[in-house]
>>> print(open('final24.pdb').read())   # PDB, C-alpha atoms and all ligand atoms
ATOM      1  CA  MET A  16      17.051  13.714  12.451
ATOM      2  CA  THR A  17      13.844  13.354  10.482
ATOM      3  CA  SER A  18      10.909  14.318  12.654
ATOM      4  CA  GLY A  19       7.222  15.096  12.440
ATOM      5  CA  ILE A  20       5.277  13.883   9.443
ATOM      6  CA  GLY A  21       8.467  12.645   7.789
ATOM      7  CA  ALA A  22       9.310  10.344  10.679
ATOM      8  CA  ALA A  23       5.732   9.144  10.970
ATOM      9  CA  MET A  24       5.470   8.310   7.264
ATOM     10  CA  ALA A  25       8.853   6.684   7.161
ATOM     11  CA  GLY A  26       8.010   4.539  10.165
ATOM     12  CA  GLY A  27      10.753   6.182  12.217
ATOM     13  CA  LYS A  28      10.880   7.577  15.724
ATOM     14  CA  LYS A  29       9.106  10.779  16.627
ATOM     15  CA  GLY A  30      11.151  13.907  16.979
ATOM     16  CA  LYS A  31      11.223  15.886  20.234
ATOM     17  CA  GLY A  32       7.890  17.584  20.785
ATOM     18  CA  ASP A  33       6.225  15.758  17.904
ATOM     19  CA  GLU A  34       2.895  14.357  18.986
ATOM     20  CA  ARG A  35       1.519  13.617  15.534
ATOM     21  CA  PRO A  36       0.388   9.964  15.407
ATOM     22  CA  ARG A  37       0.821   7.799  12.353
ATOM     23  CA  GLN A  38      -2.109   7.981   9.981
ATOM     24  CA  HIS A  39      -4.453   4.972  10.216
ATOM     25  CA  GLY A  40      -3.236   2.378   7.719
ATOM     26  CA  ASP A  41      -0.352   4.673   6.768
ATOM     27  CA  TRP A  42      -2.635   6.845   4.669
ATOM     28  CA  TYR A  43      -0.751   9.781   3.199
ATOM     29  CA  PRO A  44      -2.540  10.963   0.021
ATOM     30  CA  THR A  45      -0.116  11.894  -2.737
ATOM     31  CA  PRO A  46      -0.181  15.571  -3.809
ATOM     32  CA  PRO A  47      -0.942  15.782  -7.563
ATOM     33  CA  GLU A  48       2.358  17.333  -8.617
ATOM     34  CA  CYS A  49       4.210  14.172  -7.502
ATOM     35  CA  THR A  50       2.218  12.069  -9.952
ATOM     36  CA  GLN A  51       2.504  14.708 -12.677
ATOM     37  CA  VAL A  52       6.302  14.544 -12.721
ATOM     38  CA  LEU A  53       6.166  10.754 -12.967
ATOM     39  CA  LEU A  54       3.705  10.797 -15.876
ATOM     40  CA  ASP A  55       5.741  13.515 -17.617
ATOM     41  CA  ARG A  56       8.747  11.170 -17.617
ATOM     42  CA  VAL A  57       7.499   7.595 -17.717
ATOM     43  CA  ALA A  58       5.017   6.148 -20.226
ATOM     44  CA  PHE A  59       2.511   3.605 -18.911
ATOM     45  CA  GLY A  60       0.009   1.377 -20.694
ATOM     46  CA  ASP A  61      -3.694   2.121 -21.124
ATOM     47  CA  THR A  62      -4.535   0.504 -17.785
ATOM     48  CA  VAL A  63      -2.660   0.805 -14.493
ATOM     49  CA  TRP A  64      -3.228  -0.970 -11.168
ATOM     50  CA  GLU A  65      -3.071   1.274  -8.087
ATOM     51  CA  PRO A  66      -2.991  -1.406  -5.343
ATOM     52  CA  CYS A  67      -2.916   0.985  -2.339
ATOM     53  CA  CYS A  68      -5.217   3.602  -3.847
ATOM     54  CA  GLY A  69      -6.488   5.407  -0.736
ATOM     55  CA  ASP A  70      -8.940   8.115  -1.775
ATOM     56  CA  GLY A  71      -7.588   8.094  -5.338
ATOM     57  CA  SER A  72      -5.349  11.137  -4.939
ATOM     58  CA  LEU A  73      -2.689   9.545  -7.135
ATOM     59  CA  ALA A  74      -5.097   7.607  -9.357
ATOM     60  CA  LYS A  75      -7.163  10.638 -10.341
ATOM     61  CA  VAL A  76      -4.109  12.349 -11.830
ATOM     62  CA  MET A  77      -3.540   9.289 -14.017
ATOM     63  CA  GLU A  78      -7.210   9.264 -15.006
ATOM     64  CA  ALA A  79      -6.964  12.916 -16.001
ATOM     65  CA  ARG A  80      -4.246  11.822 -18.460
ATOM     66  CA  GLY A  81      -6.554   9.233 -20.029
ATOM     67  CA  ILE A  82      -5.222   6.185 -18.158
ATOM     68  CA  LYS A  83      -7.763   3.671 -16.872
ATOM     69  CA  VAL A  84      -6.983   2.959 -13.213
ATOM     70  CA  ILE A  85      -7.918  -0.172 -11.304
ATOM     71  CA  GLY A  86      -7.797   0.912  -7.672
ATOM     72  CA  THR A  87      -7.744  -1.429  -4.670
ATOM     73  CA  ASP A  88      -6.846  -0.870  -1.008
ATOM     74  CA  LEU A  89      -6.931  -2.657   2.323
ATOM     75  CA  HIS A  90      -9.133   0.183   3.598
ATOM     76  CA  ASP A  91     -12.114   1.812   1.912
ATOM     77  CA  ARG A  92     -11.363   5.499   1.497
ATOM     78  CA  GLY A  93     -14.003   6.114  -1.167
ATOM     79  CA  TYR A  94     -12.103   5.190  -4.312
ATOM     80  CA  GLY A  95     -11.460   1.951  -6.165
ATOM     81  CA  ILE A  96     -13.101  -1.322  -7.076
ATOM     82  CA  GLY A  97     -12.200  -3.401  -4.045
ATOM     83  CA  HIS A  98     -11.235  -3.091  -0.386
ATOM     84  CA  GLY A  99     -10.650  -5.239   2.664
ATOM     85  CA  ALA A 100      -8.523  -8.276   3.424
ATOM     86  CA  ALA A 101      -9.099  -9.711  -0.047
ATOM     87  CA  HIS A 102      -7.223  -6.699  -1.399
ATOM     88  CA  ASP A 103      -4.250  -6.846   0.950
ATOM     89  CA  ILE A 104      -1.424  -6.184  -1.497
ATOM     90  CA  LEU A 105       0.853  -8.644   0.262
ATOM     91  CA  LYS A 106      -1.646 -11.425  -0.410
ATOM     92  CA  ALA A 107      -2.362 -10.587  -4.052
ATOM     93  CA  LYS A 108      -1.924 -13.624  -6.294
ATOM     94  CA  GLU A 109      -2.176 -11.977  -9.682
ATOM     95  CA  LEU A 110      -1.700  -8.621 -11.342
ATOM     96  CA  LEU A 111      -4.866  -6.628 -12.007
ATOM     97  CA  ALA A 112      -2.984  -4.754 -14.764
ATOM     98  CA  GLU A 113       0.449  -5.142 -16.322
ATOM     99  CA  ASP A 114       1.564  -1.746 -15.026
ATOM    100  CA  ILE A 115       1.517  -0.651 -11.369
ATOM    101  CA  VAL A 116       1.807   2.816  -9.865
ATOM    102  CA  THR A 117       1.400   3.518  -6.161
ATOM    103  CA  ASN A 118       2.583   5.310  -3.096
ATOM    104  CA  PRO A 119       2.668   2.288  -0.762
ATOM    105  CA  PRO A 120       2.494   2.222   3.043
ATOM    106  CA  PHE A 121       6.122   2.949   3.886
ATOM    107  CA  ASN A 122       6.373   0.539   6.799
ATOM    108  CA  ILE A 123       5.837  -2.476   4.502
ATOM    109  CA  ALA A 124       7.298  -1.046   1.282
ATOM    110  CA  ALA A 125      10.147  -3.593   1.024
ATOM    111  CA  PRO A 126       7.944  -6.711   1.201
ATOM    112  CA  ILE A 127       5.507  -5.020  -1.179
ATOM    113  CA  ILE A 128       8.306  -4.476  -3.721
ATOM    114  CA  ARG A 129       9.368  -8.130  -3.499
ATOM    115  CA  HIS A 130       5.815  -9.411  -3.724
ATOM    116  CA  LEU A 131       4.885  -7.256  -6.706
ATOM    117  CA  ILE A 132       8.090  -8.040  -8.618
ATOM    118  CA  GLU A 133       7.409 -11.760  -8.158
ATOM    119  CA  MET A 134       4.175 -11.226 -10.126
ATOM    120  CA  LYS A 135       6.273  -9.822 -13.001
ATOM    121  CA  PRO A 136       4.655  -6.467 -13.819
ATOM    122  CA  ARG A 137       5.626  -4.913 -17.137
ATOM    123  CA  LYS A 138       6.369  -1.600 -15.459
ATOM    124  CA  MET A 139       6.060  -0.497 -11.841
ATOM    125  CA  ALA A 140       6.591   2.870 -10.147
ATOM    126  CA  LEU A 141       6.522   3.287  -6.379
ATOM    127  CA  LEU A 142       6.896   6.545  -4.473
ATOM    128  CA  LEU A 143       9.390   5.902  -1.675
ATOM    129  CA  LYS A 144      11.237   8.021   0.834
ATOM    130  CA  SER A 145      14.484   9.144  -0.805
ATOM    131  CA  SER A 146      16.622   7.454   1.835
ATOM    132  CA  PHE A 147      14.805   4.144   1.345
ATOM    133  CA  TRP A 148      17.843   2.426  -0.178
ATOM    134  CA  HIS A 149      20.278   3.827   2.394
ATOM    135  CA  ALA A 150      19.731   0.857   4.641
ATOM    136  CA  LYS A 151      21.855  -2.251   5.031
ATOM    137  CA  ASN A 152      18.832  -4.519   5.220
ATOM    138  CA  ARG A 153      17.569  -3.313   1.837
ATOM    139  CA  SER A 154      20.799  -3.617  -0.143
ATOM    140  CA  ALA A 155      20.044  -7.224  -1.163
ATOM    141  CA  LEU A 156      16.679  -6.137  -2.530
ATOM    142  CA  PHE A 157      18.381  -3.422  -4.569
ATOM    143  CA  GLU A 158      21.045  -5.804  -5.889
ATOM    144  CA  GLU A 159      18.472  -8.448  -6.827
ATOM    145  CA  HIS A 160      15.967  -6.044  -8.344
ATOM    146  CA  PRO A 161      17.654  -2.755  -9.237
ATOM    147  CA  PRO A 162      15.150  -0.101 -10.312
ATOM    148  CA  SER A 163      15.619   1.068 -13.887
ATOM    149  CA  ARG A 164      15.170   4.660 -12.775
ATOM    150  CA  ILE A 165      15.080   6.666  -9.578
ATOM    151  CA  ILE A 166      13.401  10.034 -10.046
ATOM    152  CA  ALA A 167      14.203  12.230  -7.062
ATOM    153  CA  LEU A 168      11.721  15.009  -6.338
ATOM    154  CA  THR A 169      13.587  18.209  -5.566
ATOM    155  CA  TRP A 170      10.925  19.449  -3.141
ATOM    156  CA  ARG A 171       9.249  18.026  -0.053
ATOM    157  CA  PRO A 172       5.629  17.081  -0.806
ATOM    158  CA  ASP A 173       3.066  18.205   1.749
ATOM    159  CA  PHE A 174       1.100  14.951   2.062
ATOM    160  CA  LEU A 175      -1.250  16.167   4.792
ATOM    161  CA  SER A 176      -1.320  19.859   3.844
ATOM    162  CA  ILE A 177       0.166  20.782   7.204
ATOM    163  CA  GLY A 178       2.542  23.385   5.811
ATOM    164  CA  ARG A 179       5.825  21.988   7.115
ATOM    165  CA  PRO A 180       6.730  18.902   5.102
ATOM    166  CA  THR A 181       9.956  17.209   6.129
ATOM    167  CA  MET A 182      10.217  14.121   3.979
ATOM    168  CA  GLU A 183      12.033  13.799   0.666
ATOM    169  CA  VAL A 184      10.692  11.226  -1.764
ATOM    170  CA  SER A 185      11.648   9.608  -5.061
ATOM    171  CA  TRP A 186       9.852   7.569  -7.666
ATOM    172  CA  CYS A 187      11.505   4.179  -8.073
ATOM    173  CA  VAL A 188      10.688   2.576 -11.412
ATOM    174  CA  TRP A 189      11.150  -1.068 -12.417
ATOM    175  CA  GLU A 190      10.811  -2.118 -16.050
ATOM    176  CA  GLN A 191      10.761  -5.651 -17.377
ATOM    177  CA  GLY A 192      13.928  -6.440 -19.293
ATOM    178  CA  HIS A 193      16.016  -3.867 -17.456
ATOM    179  CA  ASN A 194      19.354  -5.420 -16.569
ATOM    180  CA  ASP A 195      21.565  -2.363 -16.508
ATOM    181  CA  ARG A 196      22.518   0.175 -13.870
ATOM    182  CA  THR A 197      19.927   2.421 -12.257
ATOM    183  CA  TYR A 198      19.501   5.815 -13.904
ATOM    184  CA  TYR A 199      19.184   8.600 -11.317
ATOM    185  CA  GLU A 200      17.457  11.812 -12.289
ATOM    186  CA  LEU A 201      16.006  14.924 -10.665
ATOM    187  CA  ALA A 202      12.485  16.262 -11.087
ATOM    188  CA  ALA A 203      11.671  19.887 -10.338
ATOM    189  CA  ARG A 204       8.318  20.795  -8.846
ATOM    190  CA  PRO A 205       5.724  21.646 -11.518
ATOM    191  CA  PRO A 206       3.453  24.681 -11.067
ATOM    192  CA  ARG A 207       0.929  24.182  -8.268
ATOM    193  CA  GLN A 208      -2.439  22.685  -9.154
ATOM    194  CA  PRO A 209      -5.379  22.025  -6.849
ATOM    195  CA  ARG A 210      -5.995  18.485  -5.594
ATOM    196  CA  SER A 211      -8.557  16.567  -7.653
ATOM    197  CA  PRO A 212     -12.097  16.863  -6.265
ATOM    198  CA  SER A 213     -13.307  13.673  -4.582
TER
HETATM  199  C1  LIG B   1       0.755   6.317   1.734
HETATM  200  S1  LIG B   1      -0.973   5.958   1.471
HETATM  201  C2  LIG B   1      -1.097   6.332  -0.268
HETATM  202  C3  LIG B   1      -2.491   6.326  -0.830
HETATM  203  C4  LIG B   1      -2.549   6.460  -2.357
HETATM  204  N1  LIG B   1      -1.708   5.433  -2.980
HETATM  205  C5  LIG B   1      -2.061   7.817  -2.789
HETATM  206  O1  LIG B   1      -0.952   7.866  -3.325
HETATM  207  O2  LIG B   1      -2.738   8.833  -2.577
HETATM  208  C6  LIG B   1      -0.913   4.164   1.568
HETATM  209  C7  LIG B   1      -2.238   3.450   1.327
HETATM  210  O3  LIG B   1      -1.973   2.047   1.428
HETATM  211  C8  LIG B   1      -3.094   1.423   2.032
HETATM  212  N2  LIG B   1      -2.640   0.157   2.613
HETATM  213  C9  LIG B   1      -2.015  -0.058   3.792
HETATM  214  N3  LIG B   1      -1.709  -1.358   3.937
HETATM  215  C10 LIG B   1      -2.137  -1.981   2.806
HETATM  216  C11 LIG B   1      -2.122  -3.325   2.360
HETATM  217  N4  LIG B   1      -1.569  -4.301   3.111
HETATM  218  N5  LIG B   1      -2.669  -3.619   1.148
HETATM  219  C12 LIG B   1      -3.232  -2.642   0.393
HETATM  220  N6  LIG B   1      -3.281  -1.342   0.774
HETATM  221  C13 LIG B   1      -2.741  -1.018   1.957
HETATM  222  C14 LIG B   1      -3.592   2.432   3.035
HETATM  223  O4  LIG B   1      -4.948   2.180   3.360
HETATM  224  C15 LIG B   1      -3.361   3.757   2.304
HETATM  225  O5  LIG B   1      -4.510   4.142   1.610
END
>>> encode(input="final24.pdb", output="structure tokens", more="lines below")
Ligand SMILES: C[S@@+](CC[C@H](N)C(=O)[O-])C[C@H]1O[C@@H](n2cnc3c(N)ncnc32)[C@H](O)[C@@H]1O
Amino acid sequence: MTSGIGAAMAGGKKGKGDERPRQHGDWYPTPPECTQVLLDRVAFGDTVWEPCCGDGSLAKVMEARGIKVIGTDLHDRGYGIGHGAAHDILKAKELLAEDIVTNPPFNIAAPIIRHLIEMKPRKMALLLKSSFWHAKNRSALFEEHPPSRIIALTWRPDFLSIGRPTMEVSWCVWEQGHNDRTYYELAARPPRQPRSPS
């Protein structure tokens, strides 16, 4: 059974002896190496929208590669151009950039996927728990909108630097015009790099 931080992030039940509460607003900043493997494999446009940007942990890695990032979040964590109810991703009416990259709050990831796809992004990559699609109630979403690629990380990212990560994650990528099967690939952990300064 998944327990600890993995269960909390995934919205699951706590394991025995696990007292760690969910992070407020499901805030789990993405370690830089997760974003590095995505950018090493998938090309994005000059500007990317990070609609759940948190403190910019993910966004700053894109910026370091020369990508302009438009960051928004329901909560102000010190990064981005807009916060609060007006920037609730589920209420967004238009894309702020053609390409989207984010690590969304896991408990509302499925409605976020549907909502964003309805706005027809050119390319979209979301970091999801690797078992995300292993659920009966998500199979329709997969059949209707199959990702073009699933990039499975072969290590467990330590989102809160607590030293005992338990959750496996994958990048799920959607690309306009994709109407073929999903390509599944593995990504090895790149050499460690420090988190971007805030
Ligand atoms: C798992 S954290 C990831 C943060 C950042 N994307 C990163 O990768 O470092 C999810 C983020 O989604 C934000 N969030 C939660 N609900 C949201 C909503 N309805 N609309 C926009 N952002 C939301 C949280 O405040 C949090 O910063």
>>> resolve_selection(input="final24.pdb", expression="the PyMOL selection byres (((chain A and resi 61) around 7) and not hetatm)", output="list in words")
Phe59, Gly60, Thr62, Val63, Ile82 and Lys83 of chain A
>>> axis_aligned_box(input="final24.pdb", around="stretch 90-107 of chain A", padding_each_side="5 Å", output="lines of an AutoDock Vina configuration file")
center_x = -6.6
center_y = -2.7
center_z = -1.7
size_x = 24.9
size_y = 27.5
size_z = 20.7
>>> closest_atom_pairs(input="final24.pdb", of="chain A", to="ligand LIG 1 (chain B)", cutoff="9 Å", atoms="all atoms listed in the file", output="Markdown table")
| residue | atom | partner | partner_atom | distance |
| --- | --- | --- | --- | --- |
| A:Met24 | CA | B:LIG1 | C1 | 7.5 |
| A:Gln38 | CA | B:LIG1 | S1 | 8.8 |
| A:His39 | CA | B:LIG1 | O4 | 7.4 |
| A:Gly40 | CA | B:LIG1 | O4 | 4.7 |
| A:Asp41 | CA | B:LIG1 | C6 | 5.3 |
| A:Trp42 | CA | B:LIG1 | S1 | 3.7 |
| A:Tyr43 | CA | B:LIG1 | C1 | 4.1 |
| A:Pro44 | CA | B:LIG1 | O2 | 3.4 |
| A:Thr45 | CA | B:LIG1 | O2 | 4.0 |
| A:Pro46 | CA | B:LIG1 | O2 | 7.3 |
| A:Pro47 | CA | B:LIG1 | O2 | 8.7 |
| A:Thr50 | CA | B:LIG1 | O1 | 8.5 |
| A:Glu65 | CA | B:LIG1 | N1 | 6.7 |
| A:Pro66 | CA | B:LIG1 | C12 | 5.9 |
| A:Cys67 | CA | B:LIG1 | N6 | 3.9 |
| A:Cys68 | CA | B:LIG1 | N1 | 4.1 |
| A:Gly69 | CA | B:LIG1 | O5 | 3.3 |
| A:Asp70 | CA | B:LIG1 | O2 | 6.3 |
| A:Gly71 | CA | B:LIG1 | O2 | 5.6 |
| A:Ser72 | CA | B:LIG1 | O2 | 4.2 |
| A:Leu73 | CA | B:LIG1 | O1 | 4.5 |
| A:Ala74 | CA | B:LIG1 | C5 | 7.2 |
| A:Gly86 | CA | B:LIG1 | N1 | 8.9 |
| A:Thr87 | CA | B:LIG1 | C12 | 6.9 |
| A:Asp88 | CA | B:LIG1 | N6 | 4.0 |
| A:Leu89 | CA | B:LIG1 | C12 | 4.2 |
| A:His90 | CA | B:LIG1 | O4 | 4.6 |
| A:Asp91 | CA | B:LIG1 | O4 | 7.3 |
| A:Arg92 | CA | B:LIG1 | O5 | 7.0 |
| A:His98 | CA | B:LIG1 | C12 | 8.1 |
| A:Gly99 | CA | B:LIG1 | C12 | 8.2 |
| A:Ala100 | CA | B:LIG1 | N5 | 7.8 |
| A:Ala101 | CA | B:LIG1 | N5 | 8.9 |
| A:His102 | CA | B:LIG1 | C12 | 6.0 |
| A:Asp103 | CA | B:LIG1 | N5 | 3.6 |
| A:Ile104 | CA | B:LIG1 | N5 | 3.9 |
| A:Leu105 | CA | B:LIG1 | N4 | 5.7 |
| A:Lys106 | CA | B:LIG1 | N4 | 7.9 |
| A:Ala107 | CA | B:LIG1 | N5 | 8.7 |
| A:Val116 | CA | B:LIG1 | N1 | 8.2 |
| A:Thr117 | CA | B:LIG1 | N1 | 4.8 |
| A:Asn118 | CA | B:LIG1 | N1 | 4.3 |
| A:Pro119 | CA | B:LIG1 | C6 | 4.7 |
| A:Pro120 | CA | B:LIG1 | C6 | 4.2 |
| A:Phe121 | CA | B:LIG1 | C1 | 6.7 |
| A:Asn122 | CA | B:LIG1 | N3 | 8.8 |
| A:Ile123 | CA | B:LIG1 | N3 | 7.6 |
| A:Ile127 | CA | B:LIG1 | N4 | 8.3 |
| A:Leu142 | CA | B:LIG1 | O1 | 8.0 |
| A:Phe174 | CA | B:LIG1 | O2 | 8.6 |
>>> closest_residue(input="final24.pdb", among="A:Ala202, A:Leu156, A:Ala112, A:Met77", to="A:Trp170", atoms="only C-alpha atoms")
A:Ala202
>>> atom_distance(input="final24.pdb", atom1="atom CA of A:Glu200", atom2="atom CA of A:Asp55")
13.0 Å
>>> atom_distance(input="final24.pdb", atom1="atom CA of A:Arg196", atom2="atom CA of A:Arg153")
16.8 Å
>>> atom_distance(input="final24.pdb", atom1="atom CA of A:Lys144", atom2="atom CA of A:Gly81")
27.4 Å
>>> residues_around(input="final24.pdb", residues="stretch 183-192 of chain A", least_positions_apart="6", cutoff="7 Å", atoms="all atoms listed in the file", output="PyMOL selection string")
chain A and resi 137-145+162-168+170-171
>>> write_last_selection(input="final24.pdb", atoms="C-alpha atoms", output="compact mmCIF listing (two decimals), in the frame of the given file")
# COMPACT_ATOMS: atom_id res chain seq x y z
CA ARG A 137 5.63 -4.91 -17.14
CA LYS A 138 6.37 -1.60 -15.46
CA MET A 139 6.06 -0.50 -11.84
CA ALA A 140 6.59 2.87 -10.15
CA LEU A 141 6.52 3.29 -6.38
CA LEU A 142 6.90 6.54 -4.47
CA LEU A 143 9.39 5.90 -1.68
CA LYS A 144 11.24 8.02 0.83
CA SER A 145 14.48 9.14 -0.80
CA PRO A 162 15.15 -0.10 -10.31
CA SER A 163 15.62 1.07 -13.89
CA ARG A 164 15.17 4.66 -12.78
CA ILE A 165 15.08 6.67 -9.58
CA ILE A 166 13.40 10.03 -10.05
CA ALA A 167 14.20 12.23 -7.06
CA LEU A 168 11.72 15.01 -6.34
CA TRP A 170 10.92 19.45 -3.14
CA ARG A 171 9.25 18.03 -0.05
>>> closest_residue(input="final24.pdb", among="A:Arg179, A:Ile128, A:Arg56, A:Trp64", to="A:Gly97", atoms="all atoms listed in the file")
A:Trp64
>>> closest_residue(input="final24.pdb", among="A:Leu131, A:Val84, A:Cys49, A:Ala150", to="A:Arg207", atoms="only C-alpha atoms")
A:Cys49
>>> closest_residue(input="final24.pdb", among="A:Gly93, A:Glu109, A:Val76, A:Ser146", to="A:Met182", atoms="all atoms listed in the file")
A:Ser146
>>> closest_residue(input="final24.pdb", among="A:Asp173, A:Glu133, A:Asp114, A:Glu158", to="A:Asn194", atoms="all atoms listed in the file")
A:Glu158
